[in-house]
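Visitor: This one is upload.cif, mmCIF, C-alpha atoms.
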data_coords
#
loop_
_atom_site.label_atom_id
_atom_site.label_comp_id
_atom_site.auth_asym_id
_atom_site.auth_seq_id
_atom_site.Cartn_x
_atom_site.Cartn_y
_atom_site.Cartn_z
CA MET A 220 -73.00 -26.53 -7.82
CA SER A 221 -70.97 -23.76 -9.44
CA LYS A 222 -71.55 -22.96 -13.07
CA ARG A 223 -68.93 -24.38 -15.41
CA ASN A 224 -67.47 -21.86 -17.80
CA TRP A 225 -67.06 -22.67 -21.46
CA ASN A 226 -63.44 -23.16 -22.46
CA THR A 227 -61.97 -22.18 -25.83
CA ASP A 228 -62.29 -25.63 -27.38
CA GLU A 229 -65.97 -25.82 -26.44
CA GLN A 230 -66.63 -22.35 -27.85
CA LEU A 231 -64.95 -23.31 -31.11
CA LEU A 232 -67.17 -26.38 -31.40
CA ALA A 233 -70.26 -24.24 -30.78
CA LEU A 234 -69.17 -21.74 -33.44
CA ARG A 235 -68.55 -24.60 -35.83
CA LEU A 236 -72.07 -25.91 -35.22
CA TYR A 237 -73.53 -22.46 -35.82
CA CYS A 238 -71.73 -22.21 -39.15
CA ALA A 239 -72.48 -25.78 -40.27
CA LEU A 240 -76.15 -26.26 -39.34
CA PRO A 241 -79.31 -24.48 -40.57
CA PHE A 242 -81.24 -22.59 -37.89
CA GLY A 243 -83.99 -25.19 -37.99
CA LYS A 244 -81.52 -27.90 -37.02
CA LEU A 245 -79.79 -26.05 -34.19
CA HIS A 246 -81.72 -27.80 -31.46
CA GLN A 247 -81.10 -30.33 -28.70
CA SER A 248 -82.52 -33.28 -30.66
CA ASN A 249 -80.14 -32.93 -33.59
CA PRO A 250 -77.70 -35.89 -33.70
CA GLU A 251 -74.76 -33.60 -34.48
CA VAL A 252 -75.55 -31.41 -31.48
CA ILE A 253 -75.88 -34.51 -29.30
CA THR A 254 -72.56 -35.87 -30.53
CA VAL A 255 -70.74 -32.65 -29.65
CA ALA A 256 -72.52 -32.47 -26.27
CA ASN A 257 -71.46 -36.00 -25.38
CA ALA A 258 -67.88 -35.28 -26.43
CA ILE A 259 -67.53 -32.28 -24.10
CA GLY A 260 -69.74 -33.44 -21.23
CA ARG A 261 -72.52 -30.89 -21.64
CA THR A 262 -76.22 -31.22 -22.29
CA PRO A 263 -77.48 -31.02 -25.89
CA SER A 264 -79.69 -28.13 -24.81
CA ALA A 265 -76.71 -26.15 -23.53
CA VAL A 266 -74.72 -26.81 -26.72
CA ALA A 267 -77.63 -25.80 -28.95
CA MET A 268 -78.19 -22.60 -26.97
CA LYS A 269 -74.50 -21.72 -27.15
CA ALA A 270 -74.42 -22.23 -30.92
CA CYS A 271 -77.61 -20.20 -31.44
CA ASN A 272 -76.22 -17.31 -29.45
CA PHE A 273 -73.66 -16.63 -32.16
CA ALA A 274 -76.59 -15.46 -34.29
CA SER A 275 -76.89 -12.39 -32.08
CA LEU A 276 -73.32 -11.45 -33.01
CA ASP A 277 -73.89 -11.75 -36.74
CA PRO A 278 -74.52 -8.17 -38.01
CA ALA A 279 -76.31 -9.49 -41.10
CA LEU A 280 -79.07 -11.07 -39.02
CA ASP A 281 -81.97 -9.47 -37.20
CA ARG A 282 -81.75 -11.94 -34.33
CA LYS A 283 -81.16 -11.40 -30.63
CA GLY A 284 -80.06 -14.96 -29.96
CA LEU A 285 -80.83 -16.19 -26.48
CA GLY A 286 -79.27 -13.27 -24.64
CA ASN A 287 -76.46 -15.20 -22.98
CA VAL A 288 -73.53 -14.09 -25.10
CA SER A 289 -70.34 -13.87 -23.06
CA ARG A 290 -67.34 -11.63 -23.52
CA ALA A 291 -65.39 -14.71 -24.62
CA ASP A 292 -68.02 -15.38 -27.30
CA GLU A 293 -67.66 -11.81 -28.55
CA GLU A 294 -63.89 -12.14 -28.63
CA LEU A 295 -64.06 -15.41 -30.57
CA TRP A 296 -66.51 -13.89 -33.05
CA ALA A 297 -64.24 -10.87 -33.51
CA SER A 298 -61.28 -13.19 -34.12
CA PHE A 299 -63.32 -15.08 -36.70
CA GLN A 300 -64.09 -11.83 -38.53
CA GLN A 301 -60.44 -10.77 -38.47
CA ASP A 302 -58.82 -14.09 -39.43
CA SER A 303 -61.34 -16.73 -40.49
CA ASP A 304 -58.58 -19.01 -41.76
CA ALA A 305 -56.93 -19.34 -38.35
CA VAL A 306 -60.19 -19.78 -36.41
CA ALA A 307 -61.64 -22.28 -38.89
CA SER A 308 -58.47 -24.36 -38.86
CA GLN A 309 -58.43 -24.36 -35.07
CA ALA A 310 -62.12 -25.32 -34.90
CA GLU A 311 -61.58 -28.25 -37.23
CA VAL A 312 -58.58 -29.45 -35.23
CA VAL A 313 -60.66 -29.37 -32.04
CA PHE A 314 -63.50 -31.19 -33.77
CA GLU A 315 -61.18 -33.93 -34.97
CA LYS A 316 -59.60 -34.26 -31.53
CA LEU A 317 -62.73 -34.26 -29.38
CA VAL A 318 -65.50 -35.46 -31.68
CA GLY A 319 -63.99 -37.48 -34.49
CA ASN A 320 -61.97 -37.18 -37.66
CA GLY A 321 -64.34 -37.22 -40.61
CA LEU A 322 -61.79 -35.29 -42.66
CA HIS A 323 -62.49 -35.65 -46.35
CA ILE A 324 -61.11 -34.19 -49.55
CA SER A 325 -63.44 -31.42 -50.66
CA LYS A 326 -64.68 -31.30 -54.23
CA ASP A 327 -63.75 -27.61 -54.25
CA SER A 328 -60.27 -28.17 -55.60
CA LYS A 329 -59.25 -24.82 -57.13
CA ILE A 330 -56.60 -24.20 -54.51
CA SER A 331 -52.89 -23.47 -54.87
CA LEU A 332 -51.24 -24.53 -51.67
CA PRO A 333 -48.94 -21.97 -50.00
CA GLU A 334 -45.23 -22.51 -49.58
CA GLY A 335 -43.30 -22.74 -46.32
CA GLU A 336 -44.79 -25.89 -44.77
CA THR A 337 -44.40 -29.58 -45.45
CA GLU A 338 -46.70 -30.86 -48.16
CA ILE A 339 -48.74 -33.04 -45.78
CA VAL A 340 -49.21 -30.28 -43.19
CA ARG A 341 -50.23 -27.81 -45.88
CA GLU A 342 -52.74 -30.16 -47.44
CA VAL A 343 -54.35 -31.17 -44.15
CA ARG A 344 -54.69 -27.56 -43.05
CA THR A 345 -56.08 -26.57 -46.44
CA ARG A 346 -58.70 -29.31 -46.35
CA ARG A 347 -59.74 -28.36 -42.83
CA VAL A 348 -60.27 -24.74 -43.77
CA GLN A 349 -62.04 -25.62 -47.01
CA ARG A 350 -64.34 -28.06 -45.20
CA PHE A 351 -65.35 -25.35 -42.73
CA PHE A 352 -65.85 -22.78 -45.49
CA ARG A 353 -67.92 -25.07 -47.71
CA SER A 354 -70.24 -26.08 -44.86
CA ALA A 355 -70.85 -22.48 -43.79
CA VAL A 356 -71.51 -21.24 -47.33
CA MET A 357 -73.73 -24.16 -48.35
CA VAL A 358 -75.85 -23.94 -45.21
CA GLY A 359 -76.45 -20.24 -45.84
CA TYR A 360 -77.65 -20.93 -49.37
CA GLY A 361 -79.67 -24.01 -48.44
CA TYR A 362 -77.40 -26.23 -50.54
CA GLN A 363 -78.66 -24.59 -53.72
CA CYS A 364 -76.92 -22.62 -56.45
CA ALA A 365 -77.58 -18.92 -55.80
CA LEU A 366 -78.38 -18.34 -59.48
CA SER A 367 -79.91 -21.53 -60.87
CA GLY A 368 -81.35 -23.19 -57.78
CA LEU A 369 -79.54 -26.43 -58.62
CA SER A 370 -79.40 -28.61 -55.50
CA VAL A 371 -77.12 -31.49 -56.50
CA PRO A 372 -74.29 -31.36 -53.90
CA ASP A 373 -71.70 -32.88 -56.24
CA LEU A 374 -72.31 -30.05 -58.73
CA LEU A 375 -72.16 -27.21 -56.20
CA ILE A 376 -69.07 -25.20 -55.33
CA ALA A 377 -68.47 -22.81 -52.44
CA SER A 378 -66.95 -20.06 -54.60
CA HIS A 379 -64.55 -17.55 -53.09
CA ILE A 380 -65.34 -13.96 -54.05
CA ILE A 381 -61.87 -12.68 -53.19
CA PRO A 382 -59.71 -15.57 -54.43
CA TRP A 383 -58.11 -18.04 -52.03
CA SER A 384 -54.63 -16.90 -53.08
CA VAL A 385 -55.28 -13.18 -52.53
CA ASP A 386 -56.34 -12.93 -48.89
CA LYS A 387 -55.38 -15.73 -46.49
CA LYS A 388 -57.41 -14.34 -43.61
CA ARG A 389 -60.64 -14.54 -45.63
CA ARG A 390 -60.21 -18.09 -46.86
CA ALA A 391 -62.81 -19.46 -44.42
CA ASP A 392 -64.96 -16.33 -44.23
CA PRO A 393 -68.46 -17.33 -45.40
CA THR A 394 -69.24 -13.69 -46.31
CA ASN A 395 -66.50 -14.15 -48.92
CA GLY A 396 -68.39 -17.04 -50.50
CA ILE A 397 -71.28 -17.78 -52.84
CA ALA A 398 -72.83 -21.17 -53.62
CA LEU A 399 -72.67 -21.66 -57.39
CA ASN A 400 -73.01 -24.63 -59.70
CA ALA A 401 -69.84 -25.86 -61.39
CA LEU A 402 -70.38 -23.88 -64.62
CA TYR A 403 -71.15 -20.57 -62.95
CA ASP A 404 -68.35 -21.10 -60.44
CA ARG A 405 -65.84 -21.56 -63.23
CA ALA A 406 -67.08 -18.46 -65.04
CA PHE A 407 -66.99 -16.45 -61.80
CA ASP A 408 -63.53 -17.72 -60.90
CA LYS A 409 -62.16 -16.75 -64.31
CA GLY A 410 -63.85 -13.35 -64.32
CA TYR A 411 -66.39 -13.98 -67.08
CA ILE A 412 -69.25 -13.07 -64.75
CA SER A 413 -69.44 -10.82 -61.71
CA PHE A 414 -72.08 -8.90 -59.77
CA ASP A 415 -73.05 -5.25 -59.58
CA SER A 416 -73.75 -3.42 -56.31
CA ASP A 417 -77.29 -4.83 -56.34
CA TYR A 418 -75.96 -8.39 -56.75
CA ARG A 419 -77.13 -8.67 -60.37
CA VAL A 420 -75.09 -10.69 -62.84
CA LEU A 421 -72.67 -8.84 -65.10
CA LEU A 422 -71.45 -10.59 -68.24
CA SER A 423 -67.97 -9.95 -69.60
CA GLN A 424 -67.78 -8.21 -72.97
CA CYS A 425 -65.01 -10.57 -74.08
CA LEU A 426 -67.53 -13.42 -74.22
CA ARG A 427 -69.62 -11.48 -76.72
CA GLN A 428 -66.55 -10.86 -78.84
CA GLU A 429 -64.95 -14.30 -78.76
CA MET A 430 -67.92 -16.73 -78.72
CA LYS A 431 -65.48 -19.66 -78.67
CA ASP A 432 -67.91 -21.95 -76.88
CA LYS A 433 -71.42 -21.03 -78.00
CA VAL A 434 -73.20 -23.43 -75.66
CA PHE A 435 -71.21 -22.12 -72.69
CA VAL A 436 -71.91 -18.49 -73.62
CA LYS A 437 -75.63 -19.09 -74.19
CA GLU A 438 -75.92 -20.53 -70.70
CA LEU A 439 -74.30 -17.41 -69.27
CA PHE A 440 -76.50 -15.08 -71.34
CA LYS A 441 -79.49 -16.68 -69.60
CA ILE A 442 -78.43 -15.28 -66.24
CA GLU A 443 -77.25 -11.83 -67.33
CA GLY A 444 -78.97 -9.27 -65.10
CA LYS A 445 -80.35 -11.92 -62.79
CA ARG A 446 -80.17 -11.06 -59.10
CA LEU A 447 -78.28 -13.34 -56.78
CA HIS A 448 -80.49 -15.28 -54.37
CA LEU A 449 -79.13 -14.05 -51.04
CA PRO A 450 -78.40 -16.50 -48.20
CA ASN A 451 -80.21 -16.59 -44.87
CA ARG A 452 -76.97 -15.76 -43.05
CA PHE A 453 -73.45 -14.58 -43.90
CA LEU A 454 -74.54 -12.22 -46.67
CA PRO A 455 -71.90 -11.76 -49.40
CA ASP A 456 -69.66 -8.88 -48.38
CA ALA A 457 -70.22 -5.84 -50.59
CA ASP A 458 -66.54 -4.86 -50.50
CA ALA A 459 -65.51 -8.35 -51.58
CA VAL A 460 -68.01 -8.23 -54.47
CA LYS A 461 -66.65 -4.82 -55.46
CA PHE A 462 -63.09 -6.22 -55.41
CA HIS A 463 -64.14 -9.06 -57.72
CA ARG A 464 -65.95 -6.67 -60.06
CA GLU A 465 -63.03 -4.25 -60.27
CA ILE A 466 -60.07 -6.64 -60.16
CA ILE A 467 -61.14 -10.12 -61.32
CA PHE A 468 -63.96 -9.35 -63.76
CA LYS A 469 -62.97 -9.16 -67.42
CA GLN A 470 -64.64 -5.93 -68.53
#
What do you get writing this file as structure tokens?
Guide:
Amino acid sequence: MSKRNWNTDEQLLALRLYCALPFGKLHQSNPEVITVANAIGRTPSAVAMKACNFASLDPALDRKGLGNVSRADEELWASFQQDSDAVASQAEVVFEKLVGNGLHISKDSKISLPEGETEIVREVRTRRVQRFFRSAVMVGYGYQCALSGLSVPDLLIASHIIPWSVDKKRRADPTNGIALNALYDRAFDKGYISFDSDYRVLLSQCLRQEMKDKVFVKELFKIEGKRLHLPNRFLPDADAVKFHREIIFKQ
């Protein structure tokens, strides 16, 4: 029997699994892996192996994968690096079509929708991309705030380092994200905190001067100088952090 090549839809589902599941759960017995395998007519073992192989393409990881990376896998990974928004949206569409809908409204709601599309189309696409992004970021940080260790999902945000509105192609890029609790996310989004080149917290001088909300400021003083707990994959991009520090951060 001739070997069946992986088509684009199947590769997208495998990439989605890689981004959405911890390494310890990327195995043939995982219900999510089994569901995808059944949907595309492949064995759970084959699907798990395909997803794990993307680890060998991730430059932030010291992993060789399983050694079966194809040229098509490399091309898909390169496309994901170049335009995460487009690849993530496509992966979510394929997932909804072949596996099931499951589309939900993310709690990460700090998004201004772009113009030029109908409202419904824009919102659906936005939620697809945000769902992909949140899963990838949260998995990397073990569903914990990178500064406080808080692990209550409803209080965690997948924060964009370069804002959503600034760079469309990086909207779903997990290296452009950090898992933060709601307070730290808000402060980061508004430029009251940032990170130095060693990923240590910088506190804006304007907070020291204004002190409008003493409780809020005291909570931020507690983390000044604290080093970010780095994720086990998709490390925060140094150039993105530099952009935030130089452009968003209120000196």
Visitor: Take the PyMOL selection byres ((chain A and resi 458) around 12), run it mentally on this structure, and tell me the resulting residues as a PyMOL selection string.
Guide: chain A and resi 380-381+394-395+414-416+418+454-457+459-466
Visitor: Evaluated on this file, the PyMOL selection byres ((chain A and resi 230-238) around 10) picks out some residues - which ones are they, written as a ChimeraX atom specification?
Guide: /A:225-229,239-242,244-245,251-252,255-256,259,265-274,291-292,295-296,299,306-307,309-314,317-318,351-359,393,452-453
Visitor: Taking the file as shown, find all residues satisfying the PyMOL selection byres ((chain A and resi 399-409) around 7) and write them as a PyMOL selection string.
Guide: chain A and resi 364-366+369+374-378+397-398+410-413
Visitor: Work out how far atom CA of Pro382 of chain A is from atom CA of Glu443 of chain A, in Å to one decimal.
Guide: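 Computing the Euclidean distance for atom CA of Glu443 of chain A and atom CA of Pro382 of chain A yields 22.1 Å.
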Visitor: Report, in Å with one decimal, the straight-line distance from atom CA of Leu422 of chain A to atom CA of Ile467 of chain A.
Guide: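 So the answer is 12.4 Å.
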Visitor: Quick one: everything within 7 Å of Arg389 of chain A, counting all atoms listed in the file, minus sequence neighbours fewer than 6 positions away in the same chain. Send it as a list in words.
Guide: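 Skipping anything fewer than 6 positions along the chain leaves Asp302, Ser303, Asp304 and Asn395 of chain A.
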Visitor: Quick one: pull the distance between atom CA of Arg419 of chain A and atom CA of Gly444 of chain A, Å, one decimal.
Guide: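 Taking atom CA of Arg419 of chain A and atom CA of Gly444 of chain A, their separation equals 5.1 Å.
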Visitor: Box in all listed atoms of segment 339-349 of chain A, axis-aligned, with 6 Å more on each side; write out centre and edge lengths in Å to one decimal as lines of an AutoDock Vina configuration file.
Guide:
center_x = -55.4
center_y = -28.9
center_z = -45.1
size_x = 25.3
size_y = 20.3
size_z = 16.6
Visitor: Which of these, A:Ser289, A:Gln363, A:Gln301, A:Ser248, has the shortest distance to Pro450 of chain A once you count all atoms listed in the file?
Guide: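 Using all atoms listed in the file, Pro450 of chain A sits closest to A:Gln363.
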Visitor: Taking only C-alpha atoms into account, which of A:Ile442, A:Trp383, A:Asn287, A:Gln470 comes nearest Leu426 of chain A?
Guide: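 Smallest separation from Leu426 of chain A among the options: A:Gln470.
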Visitor: Quick one: of A:Arg341, A:His448, A:His246, A:Lys437, who's nearest to Thr262 of chain A, counting all atoms listed in the file?
Guide: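 Using all atoms listed in the file, Thr262 of chain A sits closest to A:His246.
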